[in-house]
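*Asks:* Provided herewith: upload.cif, mmCIF, C-alpha atoms.
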data_start
loop_
_atom_site.label_atom_id
_atom_site.label_comp_id
_atom_site.auth_asym_id
_atom_site.auth_seq_id
_atom_site.Cartn_x
_atom_site.Cartn_y
_atom_site.Cartn_z
CA MET A 4 -73.11 157.58 230.28
CA LEU A 5 -69.41 158.18 229.57
CA ARG A 6 -69.82 161.84 230.55
CA ILE A 7 -71.47 160.93 233.87
CA ILE A 8 -68.75 158.40 234.69
CA HIS A 9 -66.07 160.92 233.78
CA ARG A 10 -67.53 163.57 236.09
CA PHE A 11 -67.70 161.06 238.94
CA LEU A 12 -64.04 160.08 238.49
CA LEU A 13 -62.98 163.72 238.77
CA LEU A 14 -64.48 163.77 242.28
CA LEU A 15 -61.97 161.15 243.44
CA ASP A 16 -58.33 161.73 244.29
CA PRO A 17 -56.24 161.56 241.08
CA GLU A 18 -54.57 158.17 241.44
CA THR A 19 -57.73 156.46 242.70
CA ALA A 20 -59.63 157.98 239.78
CA HIS A 21 -57.00 156.68 237.39
CA HIS A 22 -57.21 153.12 238.71
CA CYS A 23 -61.02 153.18 238.66
CA GLY A 24 -60.94 154.50 235.11
CA LEU A 25 -58.62 151.68 234.05
CA ARG A 26 -60.94 149.05 235.53
CA LEU A 27 -63.94 150.54 233.70
CA LEU A 28 -61.99 150.67 230.45
CA GLN A 29 -61.00 147.03 230.93
CA LEU A 30 -64.66 146.10 231.34
CA ARG A 31 -65.56 148.07 228.22
CA GLN A 32 -62.70 146.42 226.32
CA TRP A 33 -63.86 142.95 227.34
CA PHE A 34 -67.44 143.71 226.31
CA LEU A 35 -66.47 145.21 222.93
CA PHE A 36 -63.98 142.62 221.81
CA LYS A 37 -64.85 139.43 223.67
CA VAL A 38 -68.63 139.65 224.01
CA GLN A 39 -69.57 141.63 220.90
CA LYS A 40 -66.49 140.23 219.11
CA LYS A 41 -65.85 143.49 217.30
CA LYS A 42 -62.90 143.75 214.96
CA MET A 43 -62.02 147.40 215.22
CA LEU A 44 -60.67 149.47 212.36
CA LEU A 45 -60.04 146.57 210.01
CA LYS A 46 -59.41 149.08 207.24
CA MET A 47 -55.92 150.48 207.42
CA GLY A 48 -55.43 154.22 207.59
CA SER A 49 -54.09 156.04 204.54
CA LEU A 50 -52.09 158.71 206.35
CA HIS A 51 -48.30 158.45 206.34
CA VAL A 52 -45.95 160.82 208.13
CA VAL A 53 -42.38 161.76 207.39
CA GLY A 54 -39.87 159.37 208.95
CA LEU A 55 -42.37 156.51 209.45
CA PRO A 56 -43.04 155.26 205.90
CA ARG A 57 -44.15 151.76 206.93
CA ILE A 58 -46.85 152.87 209.38
CA SER A 59 -50.36 153.95 208.35
CA PHE A 60 -52.46 156.21 210.56
CA LYS A 61 -56.18 157.03 210.57
CA ASN A 62 -55.44 160.47 211.97
CA ARG A 63 -52.58 162.36 213.61
CA LEU A 64 -53.86 162.22 217.21
CA GLY A 65 -52.29 159.88 219.74
CA LEU A 66 -52.49 159.15 223.43
CA ALA A 67 -49.21 159.86 225.22
CA ALA A 68 -47.47 157.43 227.55
CA GLY A 69 -48.41 157.36 231.21
CA PHE A 70 -52.10 156.56 230.96
CA ASP A 71 -51.91 152.90 229.96
CA LYS A 72 -48.64 151.94 231.63
CA ASN A 73 -49.11 148.17 231.37
CA ALA A 74 -50.97 147.96 228.05
CA GLU A 75 -54.14 146.96 229.88
CA VAL A 76 -56.68 149.11 228.00
CA PHE A 77 -55.04 150.18 224.73
CA ALA A 78 -57.79 148.54 222.64
CA SER A 79 -60.52 150.34 224.55
CA LEU A 80 -58.65 153.63 224.16
CA ALA A 81 -58.15 153.07 220.44
CA SER A 82 -61.90 152.67 220.03
CA PHE A 83 -62.42 156.28 221.17
CA GLY A 84 -60.82 157.45 217.92
CA PHE A 85 -57.11 157.82 218.65
CA GLY A 86 -54.95 157.45 215.56
CA PHE A 87 -52.27 155.69 217.62
CA VAL A 88 -51.65 154.79 221.25
CA GLU A 89 -48.41 154.93 223.25
CA ILE A 90 -48.30 152.45 226.13
CA GLY A 91 -45.88 152.56 229.08
CA THR A 92 -43.53 153.64 230.37
CA VAL A 93 -42.44 150.03 230.82
CA THR A 94 -39.18 148.88 232.39
CA PRO A 95 -37.53 145.46 232.08
CA LYS A 96 -38.59 144.45 235.61
CA PRO A 97 -41.66 145.39 237.67
CA GLN A 98 -41.27 148.33 240.03
CA PRO A 99 -43.71 150.04 242.42
CA GLY A 100 -42.73 153.62 241.71
CA ASN A 101 -42.38 156.36 244.29
CA PRO A 102 -44.31 156.45 247.61
CA LYS A 103 -47.85 157.86 247.62
CA PRO A 104 -49.21 160.47 247.36
CA ARG A 105 -47.57 161.05 243.98
CA LEU A 106 -50.20 162.59 241.70
CA TRP A 107 -51.95 165.94 242.18
CA ARG A 108 -54.42 168.07 240.23
CA LEU A 109 -53.38 171.71 239.89
CA PRO A 110 -55.43 174.77 238.89
CA GLY A 111 -55.61 175.60 235.21
CA GLY A 112 -55.97 172.07 233.87
CA ALA A 113 -52.60 170.75 235.04
CA LEU A 114 -51.27 167.68 236.84
CA ARG A 115 -48.13 167.22 238.87
CA ASN A 116 -46.83 163.68 239.09
CA GLN A 117 -43.86 161.96 240.69
CA LEU A 118 -44.96 158.41 239.89
CA GLY A 119 -41.53 157.07 239.05
CA PHE A 120 -42.21 154.53 236.26
CA ASN A 121 -44.56 152.39 238.35
CA ASN A 122 -45.35 149.39 236.13
CA LEU A 123 -45.65 145.60 236.08
CA GLY A 124 -42.61 145.07 233.85
CA VAL A 125 -42.13 144.37 230.18
CA GLU A 126 -43.33 140.76 230.28
CA ALA A 127 -46.71 141.76 231.72
CA ALA A 128 -47.05 144.47 229.04
CA ARG A 129 -46.22 141.91 226.38
CA ARG A 130 -48.91 139.49 227.63
CA ASN A 131 -51.49 142.27 227.68
CA LEU A 132 -50.59 143.37 224.17
CA LEU A 133 -50.92 139.83 222.84
CA ARG A 134 -54.38 139.50 224.40
CA TYR A 135 -55.98 142.33 222.39
CA ARG A 136 -53.50 143.33 219.67
CA ALA A 137 -55.32 141.41 216.93
CA HIS A 138 -58.52 143.36 217.60
CA VAL A 139 -56.90 146.71 216.85
CA TRP A 140 -54.10 145.77 214.51
CA ALA A 141 -54.93 148.73 212.25
CA VAL A 142 -54.13 151.18 215.08
CA PRO A 143 -50.37 151.69 215.54
CA ILE A 144 -49.10 150.95 219.05
CA PHE A 145 -45.85 152.45 220.35
CA ALA A 146 -44.12 151.27 223.51
CA ASN A 147 -42.51 153.87 225.74
CA ILE A 148 -39.50 152.18 227.36
CA GLY A 149 -37.49 153.31 230.37
CA LYS A 150 -34.59 152.51 232.65
CA GLY A 151 -35.23 150.71 235.91
CA VAL A 152 -34.85 152.85 239.00
CA ASN A 153 -32.18 150.53 240.46
CA THR A 154 -30.19 150.19 237.24
CA PRO A 155 -26.91 152.16 237.36
CA LEU A 156 -26.68 154.85 234.69
CA GLU A 157 -23.70 153.11 233.10
CA GLU A 158 -25.93 150.06 232.50
CA ALA A 159 -28.99 151.96 231.28
CA LEU A 160 -28.42 150.96 227.68
CA LYS A 161 -28.99 147.30 228.59
CA ASP A 162 -32.41 148.14 230.04
CA TYR A 163 -33.53 149.90 226.88
CA GLU A 164 -32.25 147.08 224.73
CA SER A 165 -33.92 144.29 226.71
CA ALA A 166 -37.26 146.13 226.86
CA ALA A 167 -37.20 146.75 223.11
CA LEU A 168 -36.29 143.16 222.25
CA ALA A 169 -39.16 141.81 224.37
CA LEU A 170 -41.78 143.83 222.47
CA THR A 171 -40.68 143.76 218.84
CA ASP A 172 -43.44 141.41 217.70
CA VAL A 173 -46.32 143.24 219.42
CA VAL A 174 -45.69 146.95 218.77
CA ASP A 175 -45.04 149.18 215.76
CA GLY A 176 -42.25 151.25 217.28
CA PHE A 177 -40.65 152.61 220.42
CA VAL A 178 -40.39 155.86 222.35
CA VAL A 179 -37.22 155.97 224.42
CA ASN A 180 -37.88 157.92 227.61
CA LEU A 181 -34.80 159.87 228.70
CA SER A 182 -36.71 162.74 230.24
CA SER A 183 -38.84 161.75 233.21
CA PRO A 184 -37.92 163.89 236.24
CA ASN A 185 -38.99 161.09 238.59
CA THR A 186 -36.19 158.54 238.01
CA PRO A 187 -32.97 159.82 239.61
CA GLY A 188 -30.28 160.67 237.07
CA LEU A 189 -32.36 159.76 234.03
CA ARG A 190 -32.23 163.20 232.44
CA SER A 191 -28.44 163.10 232.50
CA LEU A 192 -28.70 160.58 229.63
CA GLN A 193 -29.94 163.35 227.29
CA THR A 194 -26.52 163.64 225.64
CA GLU A 195 -25.09 163.22 222.17
CA THR A 196 -22.92 160.31 223.38
CA PHE A 197 -25.85 158.36 224.77
CA LEU A 198 -28.03 159.01 221.71
CA ASP A 199 -25.29 157.66 219.50
CA ALA A 200 -25.07 154.45 221.56
CA LEU A 201 -28.85 154.20 221.79
CA GLY A 202 -29.37 154.14 218.05
CA LYS A 203 -27.22 151.04 217.73
CA ILE A 204 -29.23 148.83 220.11
CA ILE A 205 -32.75 149.36 218.75
CA PRO A 206 -33.91 146.27 216.79
CA LYS A 207 -33.45 146.71 213.06
CA GLY A 208 -36.57 147.76 211.20
CA PHE A 209 -38.32 149.29 214.21
CA PRO A 210 -38.61 153.09 214.43
CA ALA A 211 -37.43 154.57 217.70
CA LEU A 212 -38.34 158.10 218.79
CA VAL A 213 -36.55 159.81 221.68
CA LYS A 214 -38.54 161.71 224.31
CA LEU A 215 -36.75 164.79 225.65
CA ALA A 216 -37.48 167.19 228.50
CA PRO A 217 -38.89 170.72 228.12
CA ASP A 218 -36.36 172.01 230.65
CA LEU A 219 -33.31 171.56 228.40
CA GLU A 220 -31.61 174.75 227.29
CA ASP A 221 -32.59 175.76 223.76
CA GLU A 222 -29.09 175.25 222.39
CA GLU A 223 -28.89 171.76 223.86
CA SER A 224 -32.27 170.91 222.35
CA ARG A 225 -31.07 172.11 218.95
CA LYS A 226 -27.92 169.97 219.16
CA LEU A 227 -29.80 166.82 220.06
CA ALA A 228 -32.43 167.41 217.37
CA ALA A 229 -29.69 167.95 214.80
CA GLN A 230 -27.98 164.72 215.87
CA ILE A 231 -31.18 162.73 215.49
CA GLY A 232 -31.75 164.43 212.15
CA GLU A 233 -28.44 162.92 210.96
CA SER A 234 -28.92 159.53 212.63
CA ASP A 235 -29.24 156.36 210.58
CA HIS A 236 -30.94 154.56 213.48
CA LEU A 237 -33.27 156.99 215.29
CA ALA A 238 -36.58 157.97 213.68
CA GLY A 239 -37.31 161.24 215.45
CA LEU A 240 -38.37 163.04 218.60
CA VAL A 241 -41.28 163.26 221.03
CA LEU A 242 -41.47 166.72 222.60
CA THR A 243 -42.03 167.12 225.45
CA ASN A 244 -42.22 165.38 228.83
CA THR A 245 -43.36 166.91 232.13
CA SER A 246 -41.58 170.00 233.42
CA ARG A 247 -39.62 170.19 236.67
CA ALA A 248 -39.34 173.95 236.29
CA LEU A 249 -43.13 174.31 236.23
CA ALA A 250 -43.47 172.07 239.28
CA GLU A 251 -41.26 174.49 241.18
CA SER A 252 -42.86 177.69 239.89
CA LEU A 253 -46.53 176.66 239.95
CA ASP A 254 -46.68 174.34 242.93
CA GLY A 255 -43.54 175.18 244.91
CA ALA A 256 -42.68 171.48 244.69
CA ALA A 257 -39.18 170.10 245.01
CA THR A 258 -40.18 166.90 243.19
CA GLY A 259 -42.21 165.75 240.23
CA GLY A 260 -43.10 167.31 236.91
CA VAL A 261 -46.08 169.27 235.59
CA SER A 262 -48.17 168.40 232.55
CA GLY A 263 -51.23 170.08 231.10
CA ARG A 264 -52.15 173.56 229.90
CA PRO A 265 -49.34 175.52 231.59
CA LEU A 266 -46.84 173.42 229.62
CA PHE A 267 -48.25 174.23 226.19
CA ASP A 268 -46.23 177.36 225.34
CA ARG A 269 -42.92 175.73 226.18
CA ALA A 270 -43.85 172.50 224.39
CA LEU A 271 -44.79 174.48 221.29
CA GLN A 272 -41.48 176.32 221.44
CA CYS A 273 -39.57 173.03 221.75
CA VAL A 274 -41.36 171.62 218.70
CA SER A 275 -40.56 174.71 216.65
CA LEU A 276 -36.87 174.61 217.65
CA ALA A 277 -36.58 170.92 216.85
CA ARG A 278 -38.27 171.16 213.46
CA GLU A 279 -35.56 173.53 212.27
CA ASN A 280 -32.92 170.88 212.94
CA LEU A 281 -34.65 167.50 212.58
CA LYS A 282 -34.69 167.35 208.77
CA ASP A 283 -36.90 164.51 207.47
CA LYS A 284 -37.43 162.74 210.80
CA THR A 285 -40.69 162.34 212.71
CA LEU A 286 -41.67 164.95 215.28
CA VAL A 287 -44.44 164.28 217.81
CA GLY A 288 -45.77 167.31 219.67
CA VAL A 289 -47.14 166.76 223.18
CA GLY A 290 -47.62 168.99 226.17
CA GLY A 291 -50.68 170.98 227.18
CA VAL A 292 -52.73 170.47 224.01
CA SER A 293 -56.33 170.88 225.14
CA CYS A 294 -58.29 172.24 222.16
CA VAL A 295 -58.42 172.20 218.37
CA ALA A 296 -56.58 175.52 218.06
CA GLN A 297 -53.64 174.24 220.09
CA ALA A 298 -53.50 170.97 218.17
CA LYS A 299 -53.35 172.93 214.92
CA ALA A 300 -50.69 175.22 216.39
CA MET A 301 -48.56 172.13 217.06
CA ARG A 302 -48.98 171.11 213.44
CA ASP A 303 -48.10 174.60 212.23
CA ALA A 304 -44.95 174.52 214.39
CA GLY A 305 -43.82 171.35 212.64
CA ALA A 306 -45.30 168.40 214.53
CA ASP A 307 -46.16 165.47 212.27
CA LEU A 308 -48.23 163.85 215.02
CA VAL A 309 -49.87 165.28 218.15
CA GLU A 310 -50.42 163.55 221.49
CA ILE A 311 -52.58 164.34 224.50
CA TYR A 312 -52.74 163.02 228.04
CA THR A 313 -53.73 165.51 230.74
CA SER A 314 -56.47 167.12 228.67
CA PHE A 315 -57.92 163.65 228.07
CA VAL A 316 -58.00 163.13 231.84
CA TYR A 317 -59.85 166.40 232.37
CA GLN A 318 -62.12 166.47 229.29
CA GLY A 319 -62.67 162.81 228.44
CA PRO A 320 -63.44 161.03 225.14
CA ARG A 321 -65.32 163.99 223.63
CA LEU A 322 -62.00 165.81 223.17
CA VAL A 323 -60.56 162.84 221.32
CA ARG A 324 -63.30 162.98 218.70
CA GLU A 325 -62.87 166.73 218.22
CA LEU A 326 -59.09 166.63 217.84
CA ALA A 327 -59.09 163.48 215.70
CA ARG A 328 -61.45 165.14 213.20
CA ALA A 329 -59.36 168.30 213.15
CA LEU A 330 -56.11 166.36 212.61
CA THR A 331 -57.39 163.86 210.01
#
Starting from the coordinates I provided, produce the structure as structure tokens.

*Replies:*
Amino acid sequence: MLRIIHRFLLLLDPETAHHCGLRLLQLRQWFLFKVQKKKMLLKMGSLHVVGLPRISFKNRLGLAAGFDKNAEVFASLASFGFGFVEIGTVTPKPQPGNPKPRLWRLPGGALRNQLGFNNLGVEAARRNLLRYRAHVWAVPIFANIGKGVNTPLEEALKDYESAALALTDVVDGFVVNLSSPNTPGLRSLQTETFLDALGKIIPKGFPALVKLAPDLEDEESRKLAAQIGESDHLAGLVLTNTSRALAESLDGAATGGVSGRPLFDRALQCVSLARENLKDKTLVGVGGVSCVAQAKAMRDAGADLVEIYTSFVYQGPRLVRELARALT
């Protein structure tokens, strides 16, 4: 049944398919945890990764941010076998994102998006997390937090701080998004100065990973990884986000960023570069992983955890089971 539904969704335009998929996952979530009253994964995982000593995982596979922006279906997603789920990106206040159309399927298993952090705001995400968090408490949940589109860059730190403070009692950690190409000026915050300030505003005791862009120069990536490796406040890196360079080269687009298979080689390279400089901090590899061999390549390059998004959209829950087994 899941396979039939998945094939039908791929016949719709991408954003309509996404919204329909969310509604179906909400229905499944309600049935599993409210009707059947299942308590999922009551047994804690036994896997620990470097840099995150207080968090236990069932396996090393996670769902990247962007799919469950408002924490509406994280429990349903966790039941597919993900070892952890990253919700968001959430911003302090609701925002509609960029005008439609803003999501396109590309040949070769890729997506181009220019969504622009469309979400219902941090308070809505918090309410949704509270509704189902107890049912999947053994599955770590990370919140991807971002700057509001109307927030001046000089006040961006306040947005990250307020979003983090609102979610401390309902998530296990944070991913600080500095790398979306769809919020004007955001990528300019990928600096040593901002990382230093960022580490000081994350609530004590909560791991915070920083998500960087694949389009940074290698030397700049090394510098930032080395800084996080020395940081007393930041737990590690998530590499990578969507690529503006690929949007231009593959789709001739002046906006948006590309995810999916064409991103894999660059994402793998970014992970390898970072591992050399990150010391004993956590490294999450994401970008174009679509099969067991690529997931294992991410691990071999130094990723402690591996995330998927676009390949999950194209291949569905079956891929989750395959990768989760391979990364257990």

*Asks:* Can you list, as an NGL selection string, every protein, DNA or RNA residue that comes within 10 Å of Leu25 (chain A) when you count only C-alpha atoms, leaving out same-chain residues fewer than 4 positions away?

*Replies:* :A and (19-21 or 29-31 or 70-71 or 75-76 or 79)

*Asks:* Which residues match the PyMOL selection byres ((chain A and resi 181) around 8) in the file above, as a VMD selection string?

*Replies:* chain A and resid 149 179 to 180 182 to 183 189 to 190 192 to 193 213 to 216

*Asks:* Do a neighbour search on region 257-269 of chain A at 6 Å with all atoms listed in the file, toss out local chain neighbours closer than 3 positions, and write the hits as a PDB file with C-alpha atoms, in the coordinates of the input.

*Replies:*
ATOM      1  CA  GLY A 112     -55.970 172.070 233.870  1.00  0.00           C
ATOM      2  CA  ALA A 113     -52.600 170.750 235.040  1.00  0.00           C
ATOM      3  CA  LEU A 114     -51.270 167.680 236.840  1.00  0.00           C
ATOM      4  CA  ARG A 115     -48.130 167.220 238.870  1.00  0.00           C
ATOM      5  CA  ASN A 116     -46.830 163.680 239.090  1.00  0.00           C
ATOM      6  CA  GLN A 117     -43.860 161.960 240.690  1.00  0.00           C
ATOM      7  CA  ASN A 185     -38.990 161.090 238.590  1.00  0.00           C
ATOM      8  CA  THR A 245     -43.360 166.910 232.130  1.00  0.00           C
ATOM      9  CA  SER A 246     -41.580 170.000 233.420  1.00  0.00           C
ATOM     10  CA  ARG A 247     -39.620 170.190 236.670  1.00  0.00           C
ATOM     11  CA  LEU A 249     -43.130 174.310 236.230  1.00  0.00           C
ATOM     12  CA  ALA A 250     -43.470 172.070 239.280  1.00  0.00           C
ATOM     13  CA  GLN A 272     -41.480 176.320 221.440  1.00  0.00           C
ATOM     14  CA  GLY A 290     -47.620 168.990 226.170  1.00  0.00           C
ATOM     15  CA  GLY A 291     -50.680 170.980 227.180  1.00  0.00           C
ATOM     16  CA  THR A 313     -53.730 165.510 230.740  1.00  0.00           C
TER      17      THR A 313
END

*Asks:* Could you list, as a PyMOL selection string, every residue within 10 Å of region 55-67 of chain A, counting only C-alpha atoms and ignoring same-chain residues fewer than 6 positions away?

*Replies:* chain A and resi 44+46-49+77+80-81+84-92+141-145+147+175-176+208-211+238-239+241+244+283-285+287-290+298+302+306-313+315+323-324+326-331

*Asks:* Find the residue from A:Leu106, A:Asn153, A:Gly305, A:Val139 that sits nearest to Leu35 (chain A); use all atoms listed in the file when measuring.

*Replies:*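 The answer is A:Val139, which sits nearest to Leu35 (chain A).
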
*Asks:* Could you tell me how far CA of Pro95 (chain A) lies from CA of Ala169 (chain A), in Å and to one decimal?

*Replies:*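 Rounded to one decimal, the two atoms are 8.7 Å apart.
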
*Asks:* Counting only C-alpha atoms, which residues have an atom no more than 6 Å from (-42.3, 146.0, 230.0) in the file's coordinates? Please list them as a ChimeraX atom specification.

*Replies:* /A:93-95,124-126,128,166

*Asks:* Hey, can you check how far CA of Gln98 (chain A) sits from CA of Gly151 (chain A)?

*Replies:* 7.7 Å

*Asks:* Give me the residues within 9 Å of Arg6 (chain A) as a list in words, counting all atoms listed in the file and dropping any in the same chain fewer than 2 places off.

*Replies:*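 After dropping sequence-adjacent residues, the list is Met4, Ile8, His9, Arg10, Phe11, Gly319, Pro320 and Arg321 of chain A.
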